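Following: one structure in structure tokens, then a few remarks.
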Amino acid sequence: MGIVYKAEDTKLHRFVALKFLPDGFATDSQALSRFNREAQAASALNHPNICTIYEISEHNGQPFIAMECLDGQTLKHRISGRPLALDVTLELAVEITDALDAAHAKGIVHRDIKPANIFVTERGHAKILDFGLAKLAPVGGAVNLSAMPTASELEQLTRLGTMIGTLAYMSPEQVRGEELDARTDLFSFGAVLYEMATGVMPFRGDTTGVIANAILERAPVAPVRLNSDIPPRLEEAINKTLEKDRRLRYQSAADIRTDLQRLKRDSDSGRTFVGAAEAGVKPVAQSTRPRWIAIPAVAVVAVALGVGSWLYFARGAHALTEKDTIVLADFTNTTGDSVFDDTLKQALAVDLGQSPFLNILSEEKIRETLQQMTRSPGQRLTRDLAREVCQRAGSKAYLEGSIATLGTQYVIGLEALNCASGDVLARQQITAAGKEQVLPALGQAAAKLRNEVGESLSSVQKFDVPLEQATTNSLEALQAYTLGFTTFRENGDAEAIPFYKRAVELDPHFALAYDRLGVNYFNLNQPRLAADYLKKAFDLRDRVTGRERLHISALYYTFATGELEKANQAYELWIQVYPRDVVAYVDIGSSDMILGQYEKAATETREGLSLEPNTVVLYENLGQIYLALNHFDEARTTTEAAVRRKLDNIPLHLNLYALAFFQGNVAAMKQEADWAVGKPGAEDWMPSVESDTEAWSGRLGKARE
């Protein structure tokens with residue numbers, strides 16, 4: 001709504017900011033009214049965290065406001081999609097609430113608190129701007145929304161591209177058009193605080209209707225799901241500011257300020273803020289749930305992911321955002337000892353997977369990218385090929401490792417490089433005294449590398465299970481496990497089993513190998529053996545990292561005991577500590593489908609798609625959920641979305657067959673049945689659902705046939 005110039009006050013010899021209305025608005029009564037309202041409201045306040053207004057005047061018929069000149073950037077640009085550090089968040093939040101308390105004490109309700117209206121100076125102090133929608137009211141009184149912008153003014157705001165941003169921070173009572181008091185600013189501040197702590201807005205959508213519905217009806221994603229470093233007390237404060245019923249919300253900015261000051265004091269004094277849900281939980285890289293073949297609207301298809309998981313780097317000198325990924329290249333092994341071939345890469349993936357900040361590109365995505373490059377999906381990732389894959393996949397960095405001998409010692413090197421420039425982001429080298437010390441040394445080097453690329457030291461220390469404990473202290477057992485994993489990807493479950501069995505023979509305490517055997521036998525339809533191996537993994541779950549502990553527990557409760565509610569507790573904790581791991585969203589959605597909790601399953605599955613929109617199993621499950629809910633249009637839209645992404649799988653076609661059945665479209669049913677002819681797997685499942693159709697129609701002989 002304004003054009004701002006830096007100017008010099010020639011009388012007082014100081015720099016000021018002159019804000020003018022854009023051309024064409026100087027004669028617009030509504031714009032001029034808002035302009036005057038901003039000057040009058042802000043000039044009534046004298047507070048270090050509110051931009052000072054010096055005067056309002058005009059020049060040659062052009063009205064302007066003279067205000068203090070600020071150096072820095074808006075909070076919107078400061079956040080830029082990434083959470084702020086805890087100390088910065090608390091410092092700014094205390095200052096903002098203090099400014100709001102001062103405004104409310106004068107009977108001024110801002111009504112447009114959002115990151116774009118909060119300035120952060122170069123010295124790190126907050127300044128509230130733009131009181132153009134503010135309203136004066138008797139102290140303690142309410143503001144009538146009839147004084148809000150008119151429909152034509154809102155149309156102007158929309159045309160200027162500001163309506164969506166404003167709406168996203170409105171309180172429920174403001175959206176409903178009710179009388180407003182100071183508590184509307186507290187809700188808006190809660191949305192700002194949420195964004196400072198997580199890097200994303202709490203209420204999002206493509207249209208104003210979707211956003212308004214979210215504000216009125218939906219609770220935002222728990223902040224700790226988006227930033228596991230958020231202290232529980234900060235999350236409680238955020239939730240209290242975002243209460244939809246203003247009677248349950250904080251009742252004054254002073255109350256919020258007090259809670260934040262107390263939290264800041266404790267944080268500065270070094271007290272810990274680890275919540276009960278996080279206590280003793282440390283993450284892992286690999287997570288694989290058994291693959292379930294589905295029939296439409298009844299069963300479930302889960303995902304089988306390889307090494308790697310969705311995580312993100314902390315901010316730092318070479319920090320990556322949560323959207324960046326890193327590619328693991330194969331190790332360069334010049335020792336002549338084949339036990340290190342592939343094994344050290346597998347171990348490194350497990351170790352780096354402990355970090356809730358690192359985002360390792362999955363093996364599935366690497367294989368898919370290699371195929372797009374017309375390369376063999378199993379080709380080794382040399383330094384050059386890893387960089388090319390990194391660029392093709394849109395990753396930010398790639399990491400290569402090496403091992404060499406130096407007399408009786410082993411020298412291990414790790415190097416993280418920028419995909420585009422090839423610049424070194426971080427480098428570590430460590431010497432192991434002997435072969436049995438290679439895994440512990442690799443773990444130490446990985447921990448130092450994590451800190452060097454930007455992860456906080458406290459996070460590295462918190463999520464640092466020794467590598468020999470996270471996997472095995474036997475290189476030979478780890479080699480067998482790695483061969484099993486590779487064989488599983490290339491040849492399936494049955495071929496992988498001998499390698500995993502060899503791994504547990506070499507190390508009877510190798511929990512990850514027992515877990516994989518349980519998955520393999522379940523996929524081979526041998527549930528008794530699957531349950532036995534999952535029980536062994538469950539009994540050894542204290543010997544693995546936190547993420548794998550949750551994964552093992554969830555599989556055990558699902559397939560060994562059938563206690564899906566307990567499995568869901570593990571998944572919920574998994575999501576809380578590792579909010580960017582799509583596997584947990586897939587699996588908890590699958591469990592809730594089995595329990596018949598389709599609405600909940602839909603929400604969880606959509607959250608998974610927001611993290612990884614190219615995971616075909618999520619489209620399969622969501623399509624089945626919509627079929628179960630009789631939401632046929634949504635079922636078709638979901639399947640078509642998968643097709644547009646060139647994702648194709650048997651369950652998608654089973655969903656389309658079921659949709660055609662429910663809608664009585666015989667031609668479409670035949671089209672899907674014809675598609676299955678000659679396709680392995682589809683030739684089994686499509687006749688099965690066709691037999692269901694015949695039986696439903698009463699043609700039992702045809703069904704048997």
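Labels used: A, B, ... for chains in the order of the structure tokens, numbers from 1 for residues in each chain, and numbers from 1 for ligands as shown.
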Practice problem: as an MDAnalysis selection string, list the residues of stretch 466-644 of chain A assigned to alpha helix (DSSP H) by DSSP on the backbone atoms of this structure. | Solution: chainID A and resid 467:470 475:491 493:506 511:523 527:539 546:555 564:577 582:594 598:611 616:628 632:644
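Taking only C-alpha atoms into account, A:Ala642 lies nearest to A:Tyr619 out of the set A:Gly401, A:Phe340, A:Leu627, A:Tyr619.
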Self-check item: Selection: 10 Å around stretch 487-491 of chain A, only C-alpha atoms, excl. self and same-chain fewer than 3 positions, as an MDAnalysis selection string
Solution: chainID A and resid 304:306 363:364 367 377:378 481:484 494:497 499 516 520
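Each of A:Leu90, A:Ala103, A:Leu555, A:Ile211 was compared to A:Asn46 using only C-alpha atoms, and A:Ala103 turns out to be the nearest.
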Self-check item: Nearby residues (only C-alpha atoms) at most 12 Å from stretch 380-390 of chain A, same-chain spacing under 5 positions excluded, as an NGL selection string
Solution: :A and (324-333 or 341-342 or 345 or 360-363 or 365-375 or 395-402 or 415-423 or 486)
Pull C-alpha atoms from the residues just selected and write them as a PDB file, in the first residue's frame.
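Now in part36.pdb:
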```pdb
ATOM      1  CA  ASP A 324      17.740 -30.006   0.277  1.00  0.00           C
ATOM      2  CA  THR A 325      19.020 -33.553  -0.048  1.00  0.00           C
ATOM      3  CA  ILE A 326      22.476 -35.106   0.007  1.00  0.00           C
ATOM      4  CA  VAL A 327      23.662 -38.032  -2.131  1.00  0.00           C
ATOM      5  CA  LEU A 328      25.928 -40.719  -0.673  1.00  0.00           C
ATOM      6  CA  ALA A 329      28.577 -41.860  -3.124  1.00  0.00           C
ATOM      7  CA  ASP A 330      30.250 -45.251  -2.865  1.00  0.00           C
ATOM      8  CA  PHE A 331      33.422 -45.480  -0.808  1.00  0.00           C
ATOM      9  CA  THR A 332      36.792 -45.558  -2.525  1.00  0.00           C
ATOM     10  CA  ASN A 333      38.459 -48.652  -1.067  1.00  0.00           C
ATOM     11  CA  ASP A 341      33.177 -52.793  -0.259  1.00  0.00           C
ATOM     12  CA  ASP A 342      29.676 -51.269   0.112  1.00  0.00           C
ATOM     13  CA  LYS A 345      28.573 -46.779   2.794  1.00  0.00           C
ATOM     14  CA  ILE A 360      19.800 -38.384   2.601  1.00  0.00           C
ATOM     15  CA  LEU A 361      18.506 -39.125  -0.887  1.00  0.00           C
ATOM     16  CA  SER A 362      16.908 -42.579  -0.753  1.00  0.00           C
ATOM     17  CA  GLU A 363      18.308 -45.521  -2.655  1.00  0.00           C
ATOM     18  CA  LYS A 365      15.376 -42.184  -5.790  1.00  0.00           C
ATOM     19  CA  ILE A 366      18.996 -42.806  -6.775  1.00  0.00           C
ATOM     20  CA  ARG A 367      18.048 -45.916  -8.757  1.00  0.00           C
ATOM     21  CA  GLU A 368      15.204 -44.032 -10.428  1.00  0.00           C
ATOM     22  CA  THR A 369      17.564 -41.190 -11.364  1.00  0.00           C
ATOM     23  CA  LEU A 370      20.138 -43.604 -12.788  1.00  0.00           C
ATOM     24  CA  GLN A 371      17.449 -45.190 -14.953  1.00  0.00           C
ATOM     25  CA  GLN A 372      16.475 -41.753 -16.257  1.00  0.00           C
ATOM     26  CA  MET A 373      20.143 -41.305 -17.165  1.00  0.00           C
ATOM     27  CA  THR A 374      19.973 -44.639 -19.056  1.00  0.00           C
ATOM     28  CA  ARG A 375      22.405 -46.103 -16.536  1.00  0.00           C
ATOM     29  CA  SER A 395      20.052 -32.390  -4.494  1.00  0.00           C
ATOM     30  CA  LYS A 396      22.340 -29.827  -2.919  1.00  0.00           C
ATOM     31  CA  ALA A 397      25.418 -31.822  -1.932  1.00  0.00           C
ATOM     32  CA  TYR A 398      27.068 -35.213  -2.284  1.00  0.00           C
ATOM     33  CA  LEU A 399      29.239 -37.042   0.200  1.00  0.00           C
ATOM     34  CA  GLU A 400      32.059 -39.375  -0.693  1.00  0.00           C
ATOM     35  CA  GLY A 401      34.181 -41.523   1.575  1.00  0.00           C
ATOM     36  CA  SER A 402      37.485 -43.296   1.282  1.00  0.00           C
ATOM     37  CA  GLU A 415      34.143 -35.086   2.138  1.00  0.00           C
ATOM     38  CA  ALA A 416      30.887 -33.195   1.487  1.00  0.00           C
ATOM     39  CA  LEU A 417      30.806 -31.215  -1.755  1.00  0.00           C
ATOM     40  CA  ASN A 418      28.390 -28.804  -3.410  1.00  0.00           C
ATOM     41  CA  CYS A 419      26.733 -30.475  -6.406  1.00  0.00           C
ATOM     42  CA  ALA A 420      26.738 -27.395  -8.617  1.00  0.00           C
ATOM     43  CA  SER A 421      30.149 -25.875  -7.909  1.00  0.00           C
ATOM     44  CA  GLY A 422      32.103 -28.825  -6.577  1.00  0.00           C
ATOM     45  CA  ASP A 423      33.203 -26.705  -3.615  1.00  0.00           C
ATOM     46  CA  THR A 486      21.426 -55.124  -2.185  1.00  0.00           C
TER      47      THR A 486
END
```
Stretch 231-243 of chain A: which residues within 7 Å, counting only C-alpha atoms, same-chain residues fewer than 2 positions away excluded, as a PDB file with all heavy atoms, in the first residue's frame?
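Written output follows (part.pdb):
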```pdb
ATOM      1  N   LEU A 186      -3.474 -11.481  19.587  1.00  0.00           N
ATOM      2  CA  LEU A 186      -2.730 -12.551  20.238  1.00  0.00           C
ATOM      3  C   LEU A 186      -2.741 -13.817  19.385  1.00  0.00           C
ATOM      4  O   LEU A 186      -1.747 -14.536  19.302  1.00  0.00           O
ATOM      5  CB  LEU A 186      -3.300 -12.835  21.631  1.00  0.00           C
ATOM      6  CG  LEU A 186      -3.396 -11.625  22.573  1.00  0.00           C
ATOM      7  CD1 LEU A 186      -3.827 -12.077  23.961  1.00  0.00           C
ATOM      8  CD2 LEU A 186      -2.081 -10.865  22.633  1.00  0.00           C
ATOM      9  N   PHE A 187      -3.879 -14.097  18.753  1.00  0.00           N
ATOM     10  CA  PHE A 187      -3.953 -15.246  17.850  1.00  0.00           C
ATOM     11  C   PHE A 187      -3.009 -15.031  16.664  1.00  0.00           C
ATOM     12  O   PHE A 187      -2.258 -15.927  16.279  1.00  0.00           O
ATOM     13  CB  PHE A 187      -5.382 -15.446  17.355  1.00  0.00           C
ATOM     14  CG  PHE A 187      -5.563 -16.673  16.498  1.00  0.00           C
ATOM     15  CD1 PHE A 187      -5.973 -17.877  17.055  1.00  0.00           C
ATOM     16  CD2 PHE A 187      -5.332 -16.632  15.126  1.00  0.00           C
ATOM     17  CE1 PHE A 187      -6.135 -19.015  16.272  1.00  0.00           C
ATOM     18  CE2 PHE A 187      -5.485 -17.759  14.329  1.00  0.00           C
ATOM     19  CZ  PHE A 187      -5.896 -18.952  14.914  1.00  0.00           C
ATOM     20  N   GLY A 190       0.366 -15.618  17.630  1.00  0.00           N
ATOM     21  CA  GLY A 190       0.610 -17.051  17.740  1.00  0.00           C
ATOM     22  C   GLY A 190       0.977 -17.660  16.400  1.00  0.00           C
ATOM     23  O   GLY A 190       1.865 -18.516  16.310  1.00  0.00           O
ATOM     24  N   ALA A 191       0.306 -17.201  15.331  1.00  0.00           N
ATOM     25  CA  ALA A 191       0.631 -17.694  13.991  1.00  0.00           C
ATOM     26  C   ALA A 191       2.043 -17.264  13.592  1.00  0.00           C
ATOM     27  O   ALA A 191       2.782 -18.022  12.957  1.00  0.00           O
ATOM     28  CB  ALA A 191      -0.389 -17.176  12.983  1.00  0.00           C
ATOM     29  N   LEU A 193       4.510 -16.605  15.764  1.00  0.00           N
ATOM     30  CA  LEU A 193       5.423 -17.367  16.616  1.00  0.00           C
ATOM     31  C   LEU A 193       5.605 -18.788  16.080  1.00  0.00           C
ATOM     32  O   LEU A 193       6.706 -19.345  16.077  1.00  0.00           O
ATOM     33  CB  LEU A 193       4.889 -17.393  18.048  1.00  0.00           C
ATOM     34  CG  LEU A 193       5.767 -18.066  19.110  1.00  0.00           C
ATOM     35  CD1 LEU A 193       7.132 -17.398  19.188  1.00  0.00           C
ATOM     36  CD2 LEU A 193       5.070 -18.034  20.473  1.00  0.00           C
ATOM     37  N   TYR A 194       4.506 -19.397  15.621  1.00  0.00           N
ATOM     38  CA  TYR A 194       4.552 -20.729  15.008  1.00  0.00           C
ATOM     39  C   TYR A 194       5.517 -20.713  13.817  1.00  0.00           C
ATOM     40  O   TYR A 194       6.354 -21.608  13.661  1.00  0.00           O
ATOM     41  CB  TYR A 194       3.147 -21.110  14.550  1.00  0.00           C
ATOM     42  CG  TYR A 194       2.999 -22.491  13.945  1.00  0.00           C
ATOM     43  CD1 TYR A 194       2.432 -23.535  14.673  1.00  0.00           C
ATOM     44  CD2 TYR A 194       3.374 -22.745  12.625  1.00  0.00           C
ATOM     45  CE1 TYR A 194       2.268 -24.795  14.114  1.00  0.00           C
ATOM     46  CE2 TYR A 194       3.219 -24.004  12.063  1.00  0.00           C
ATOM     47  CZ  TYR A 194       2.660 -25.028  12.817  1.00  0.00           C
ATOM     48  OH  TYR A 194       2.500 -26.269  12.252  1.00  0.00           O
ATOM     49  N   PRO A 223       3.960 -28.184  16.152  1.00  0.00           N
ATOM     50  CA  PRO A 223       5.238 -27.541  15.810  1.00  0.00           C
ATOM     51  C   PRO A 223       6.433 -28.471  15.917  1.00  0.00           C
ATOM     52  O   PRO A 223       7.350 -28.411  15.101  1.00  0.00           O
ATOM     53  CB  PRO A 223       5.322 -26.386  16.823  1.00  0.00           C
ATOM     54  CG  PRO A 223       3.896 -26.068  17.150  1.00  0.00           C
ATOM     55  CD  PRO A 223       3.188 -27.391  17.124  1.00  0.00           C
ATOM     56  N   ASP A 229      13.592 -29.520  17.657  1.00  0.00           N
ATOM     57  CA  ASP A 229      14.327 -28.808  18.706  1.00  0.00           C
ATOM     58  C   ASP A 229      13.444 -27.854  19.505  1.00  0.00           C
ATOM     59  O   ASP A 229      13.928 -27.187  20.415  1.00  0.00           O
ATOM     60  CB  ASP A 229      15.490 -28.020  18.087  1.00  0.00           C
ATOM     61  CG  ASP A 229      16.626 -28.937  17.643  1.00  0.00           C
ATOM     62  OD1 ASP A 229      16.706 -30.058  18.188  1.00  0.00           O
ATOM     63  OD2 ASP A 229      17.397 -28.545  16.772  1.00  0.00           O
ATOM     64  N   ASP A 245     -11.056 -20.772  20.422  1.00  0.00           N
ATOM     65  CA  ASP A 245     -11.965 -20.103  21.346  1.00  0.00           C
ATOM     66  C   ASP A 245     -11.165 -19.068  22.130  1.00  0.00           C
ATOM     67  O   ASP A 245     -10.291 -19.418  22.925  1.00  0.00           O
ATOM     68  CB  ASP A 245     -12.586 -21.133  22.297  1.00  0.00           C
ATOM     69  CG  ASP A 245     -13.655 -20.535  23.205  1.00  0.00           C
ATOM     70  OD1 ASP A 245     -13.683 -19.290  23.368  1.00  0.00           O
ATOM     71  OD2 ASP A 245     -14.450 -21.301  23.765  1.00  0.00           O
ATOM     72  N   ARG A 246     -11.437 -17.800  21.909  1.00  0.00           N
ATOM     73  CA  ARG A 246     -10.602 -16.769  22.536  1.00  0.00           C
ATOM     74  C   ARG A 246     -10.705 -16.773  24.052  1.00  0.00           C
ATOM     75  O   ARG A 246      -9.845 -16.222  24.732  1.00  0.00           O
ATOM     76  CB  ARG A 246     -10.951 -15.381  21.977  1.00  0.00           C
ATOM     77  CG  ARG A 246     -12.394 -14.960  22.092  1.00  0.00           C
ATOM     78  CD  ARG A 246     -12.586 -13.607  21.436  1.00  0.00           C
ATOM     79  NE  ARG A 246     -13.994 -13.335  21.144  1.00  0.00           N
ATOM     80  CZ  ARG A 246     -14.423 -12.267  20.478  1.00  0.00           C
ATOM     81  NH1 ARG A 246     -13.556 -11.376  20.046  1.00  0.00           N
ATOM     82  NH2 ARG A 246     -15.703 -12.081  20.244  1.00  0.00           N
ATOM     83  N   LEU A 248     -10.286 -19.357  25.788  1.00  0.00           N
ATOM     84  CA  LEU A 248      -9.274 -20.316  26.221  1.00  0.00           C
ATOM     85  C   LEU A 248      -7.867 -19.873  25.835  1.00  0.00           C
ATOM     86  O   LEU A 248      -6.887 -20.513  26.198  1.00  0.00           O
ATOM     87  CB  LEU A 248      -9.553 -21.688  25.612  1.00  0.00           C
ATOM     88  CG  LEU A 248     -10.947 -22.276  25.899  1.00  0.00           C
ATOM     89  CD1 LEU A 248     -11.109 -23.610  25.178  1.00  0.00           C
ATOM     90  CD2 LEU A 248     -11.157 -22.442  27.392  1.00  0.00           C
ATOM     91  N   ARG A 249      -7.792 -18.791  25.098  1.00  0.00           N
ATOM     92  CA  ARG A 249      -6.526 -18.252  24.616  1.00  0.00           C
ATOM     93  C   ARG A 249      -5.852 -17.463  25.744  1.00  0.00           C
ATOM     94  O   ARG A 249      -6.449 -17.191  26.781  1.00  0.00           O
ATOM     95  CB  ARG A 249      -6.820 -17.332  23.429  1.00  0.00           C
ATOM     96  CG  ARG A 249      -5.701 -17.109  22.440  1.00  0.00           C
ATOM     97  CD  ARG A 249      -6.203 -16.241  21.281  1.00  0.00           C
ATOM     98  NE  ARG A 249      -7.281 -16.876  20.529  1.00  0.00           N
ATOM     99  CZ  ARG A 249      -8.162 -16.217  19.788  1.00  0.00           C
ATOM    100  NH1 ARG A 249      -8.114 -14.899  19.716  1.00  0.00           N
ATOM    101  NH2 ARG A 249      -9.104 -16.871  19.141  1.00  0.00           N
ATOM    102  N   TYR A 250      -4.596 -17.105  25.549  1.00  0.00           N
ATOM    103  CA  TYR A 250      -4.006 -16.106  26.429  1.00  0.00           C
ATOM    104  C   TYR A 250      -4.937 -14.890  26.439  1.00  0.00           C
ATOM    105  O   TYR A 250      -5.505 -14.509  25.405  1.00  0.00           O
ATOM    106  CB  TYR A 250      -2.636 -15.666  25.917  1.00  0.00           C
ATOM    107  CG  TYR A 250      -1.489 -16.579  26.279  1.00  0.00           C
ATOM    108  CD1 TYR A 250      -0.928 -17.439  25.340  1.00  0.00           C
ATOM    109  CD2 TYR A 250      -0.937 -16.553  27.553  1.00  0.00           C
ATOM    110  CE1 TYR A 250       0.140 -18.262  25.664  1.00  0.00           C
ATOM    111  CE2 TYR A 250       0.139 -17.374  27.891  1.00  0.00           C
ATOM    112  CZ  TYR A 250       0.667 -18.228  26.935  1.00  0.00           C
ATOM    113  OH  TYR A 250       1.721 -19.039  27.258  1.00  0.00           O
ATOM    114  N   PHE A 273      15.448 -28.820  27.658  1.00  0.00           N
ATOM    115  CA  PHE A 273      14.029 -28.746  27.314  1.00  0.00           C
ATOM    116  C   PHE A 273      13.582 -29.983  26.556  1.00  0.00           C
ATOM    117  O   PHE A 273      12.640 -29.946  25.798  1.00  0.00           O
ATOM    118  CB  PHE A 273      13.766 -27.509  26.444  1.00  0.00           C
ATOM    119  CG  PHE A 273      13.961 -26.230  27.185  1.00  0.00           C
ATOM    120  CD1 PHE A 273      15.144 -25.525  27.064  1.00  0.00           C
ATOM    121  CD2 PHE A 273      12.991 -25.753  28.028  1.00  0.00           C
ATOM    122  CE1 PHE A 273      15.334 -24.352  27.761  1.00  0.00           C
ATOM    123  CE2 PHE A 273      13.173 -24.568  28.726  1.00  0.00           C
ATOM    124  CZ  PHE A 273      14.346 -23.870  28.592  1.00  0.00           C
ATOM    125  N   VAL A 274      14.265 -31.077  26.724  1.00  0.00           N
ATOM    126  CA  VAL A 274      13.865 -32.295  26.041  1.00  0.00           C
ATOM    127  C   VAL A 274      12.567 -32.801  26.642  1.00  0.00           C
ATOM    128  O   VAL A 274      12.459 -32.994  27.840  1.00  0.00           O
ATOM    129  CB  VAL A 274      14.956 -33.381  26.159  1.00  0.00           C
ATOM    130  CG1 VAL A 274      14.513 -34.644  25.469  1.00  0.00           C
ATOM    131  CG2 VAL A 274      16.255 -32.873  25.560  1.00  0.00           C
ATOM    132  N   GLY A 275      11.559 -32.982  25.797  1.00  0.00           N
ATOM    133  CA  GLY A 275      10.259 -33.454  26.276  1.00  0.00           C
ATOM    134  C   GLY A 275      10.276 -34.937  26.550  1.00  0.00           C
ATOM    135  O   GLY A 275      11.171 -35.671  26.134  1.00  0.00           O
TER     136      GLY A 275
END
```
Exercise. Determine, counting only C-alpha atoms, which protein, DNA and RNA residues have an atom within 7 Å of an atom of stretch 566-577 of chain A; residues of the same chain fewer than 4 positions away are not included. Present the result as a ChimeraX atom specification.
Key: /A:224-225,228,277-278,547,550,553-554,557-558,584,588
Generate a file of the selected residues that holds N, CA, C and O atoms, formatted as an mmCIF file, in the first residue's frame.
```cif
data_model
loop_
_atom_site.group_PDB
_atom_site.id
_atom_site.type_symbol
_atom_site.label_atom_id
_atom_site.label_comp_id
_atom_site.auth_asym_id
_atom_site.auth_seq_id
_atom_site.Cartn_x
_atom_site.Cartn_y
_atom_site.Cartn_z
ATOM 1 N N VAL A 224 6.435 -29.365 16.911
ATOM 2 C CA VAL A 224 7.594 -30.238 17.098
ATOM 3 C C VAL A 224 7.745 -31.218 15.946
ATOM 4 O O VAL A 224 8.825 -31.752 15.710
ATOM 5 N N ARG A 225 6.654 -31.455 15.193
ATOM 6 C CA ARG A 225 6.764 -32.316 14.016
ATOM 7 C C ARG A 225 7.610 -31.648 12.929
ATOM 8 O O ARG A 225 8.201 -32.321 12.091
ATOM 9 N N SER A 228 12.112 -30.520 15.593
ATOM 10 C CA SER A 228 12.207 -31.354 16.792
ATOM 11 C C SER A 228 12.957 -30.665 17.928
ATOM 12 O O SER A 228 12.966 -31.167 19.053
ATOM 13 N N ALA A 277 8.499 -37.142 25.305
ATOM 14 C CA ALA A 277 8.372 -37.931 24.087
ATOM 15 C C ALA A 277 9.719 -38.157 23.422
ATOM 16 O O ALA A 277 9.902 -39.130 22.705
ATOM 17 N N GLU A 278 10.688 -37.238 23.677
ATOM 18 C CA GLU A 278 11.964 -37.363 23.019
ATOM 19 C C GLU A 278 12.994 -38.062 23.886
ATOM 20 O O GLU A 278 14.060 -38.402 23.420
ATOM 21 N N ARG A 547 15.252 -44.159 15.847
ATOM 22 C CA ARG A 547 14.319 -44.330 14.740
ATOM 23 C C ARG A 547 14.067 -45.810 14.481
ATOM 24 O O ARG A 547 12.931 -46.238 14.293
ATOM 25 N N LEU A 550 11.823 -47.377 17.077
ATOM 26 C CA LEU A 550 10.403 -47.114 16.821
ATOM 27 C C LEU A 550 9.889 -47.970 15.671
ATOM 28 O O LEU A 550 8.772 -48.497 15.715
ATOM 29 N N SER A 553 9.530 -51.593 16.872
ATOM 30 C CA SER A 553 8.374 -51.710 17.763
ATOM 31 C C SER A 553 7.071 -51.700 16.977
ATOM 32 O O SER A 553 6.159 -52.495 17.241
ATOM 33 N N ALA A 554 6.975 -50.799 16.014
ATOM 34 C CA ALA A 554 5.742 -50.692 15.233
ATOM 35 C C ALA A 554 5.471 -51.971 14.443
ATOM 36 O O ALA A 554 4.335 -52.476 14.413
ATOM 37 N N TYR A 557 4.360 -54.843 16.892
ATOM 38 C CA TYR A 557 2.980 -54.739 17.355
ATOM 39 C C TYR A 557 1.983 -54.964 16.211
ATOM 40 O O TYR A 557 0.876 -55.459 16.431
ATOM 41 N N THR A 558 2.387 -54.642 14.999
ATOM 42 C CA THR A 558 1.477 -54.824 13.865
ATOM 43 C C THR A 558 1.393 -56.283 13.439
ATOM 44 O O THR A 558 0.299 -56.837 13.285
ATOM 45 N N ALA A 584 6.940 -43.090 8.186
ATOM 46 C CA ALA A 584 6.029 -43.131 9.332
ATOM 47 C C ALA A 584 4.616 -42.720 8.931
ATOM 48 O O ALA A 584 3.635 -43.282 9.418
ATOM 49 N N ILE A 588 1.509 -45.316 9.444
ATOM 50 C CA ILE A 588 0.409 -45.035 10.379
ATOM 51 C C ILE A 588 -0.897 -44.876 9.599
ATOM 52 O O ILE A 588 -1.967 -45.282 10.077
#
```
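Note that atom CA of A:Arg183 and atom CA of A:Ile215 are 15.0 Å apart.
Computed from the coordinates, the atom CA of A:Asp633 to atom CA of A:Ala214 distance equals 21.7 Å.
Using only C-alpha atoms, the shortest contact distance between A:Tyr578 and any of A:Lys600, A:Lys11, A:Arg704, A:His551 is found at A:His551.
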Practice problem: List the neighbours of A:Ala676 out to 9 Å using only C-alpha atoms; skip same-chain residues closer than 3 positions along the sequence, and give me the result as a ChimeraX atom specification. | Solution: /A:650,653,671-673,679-687
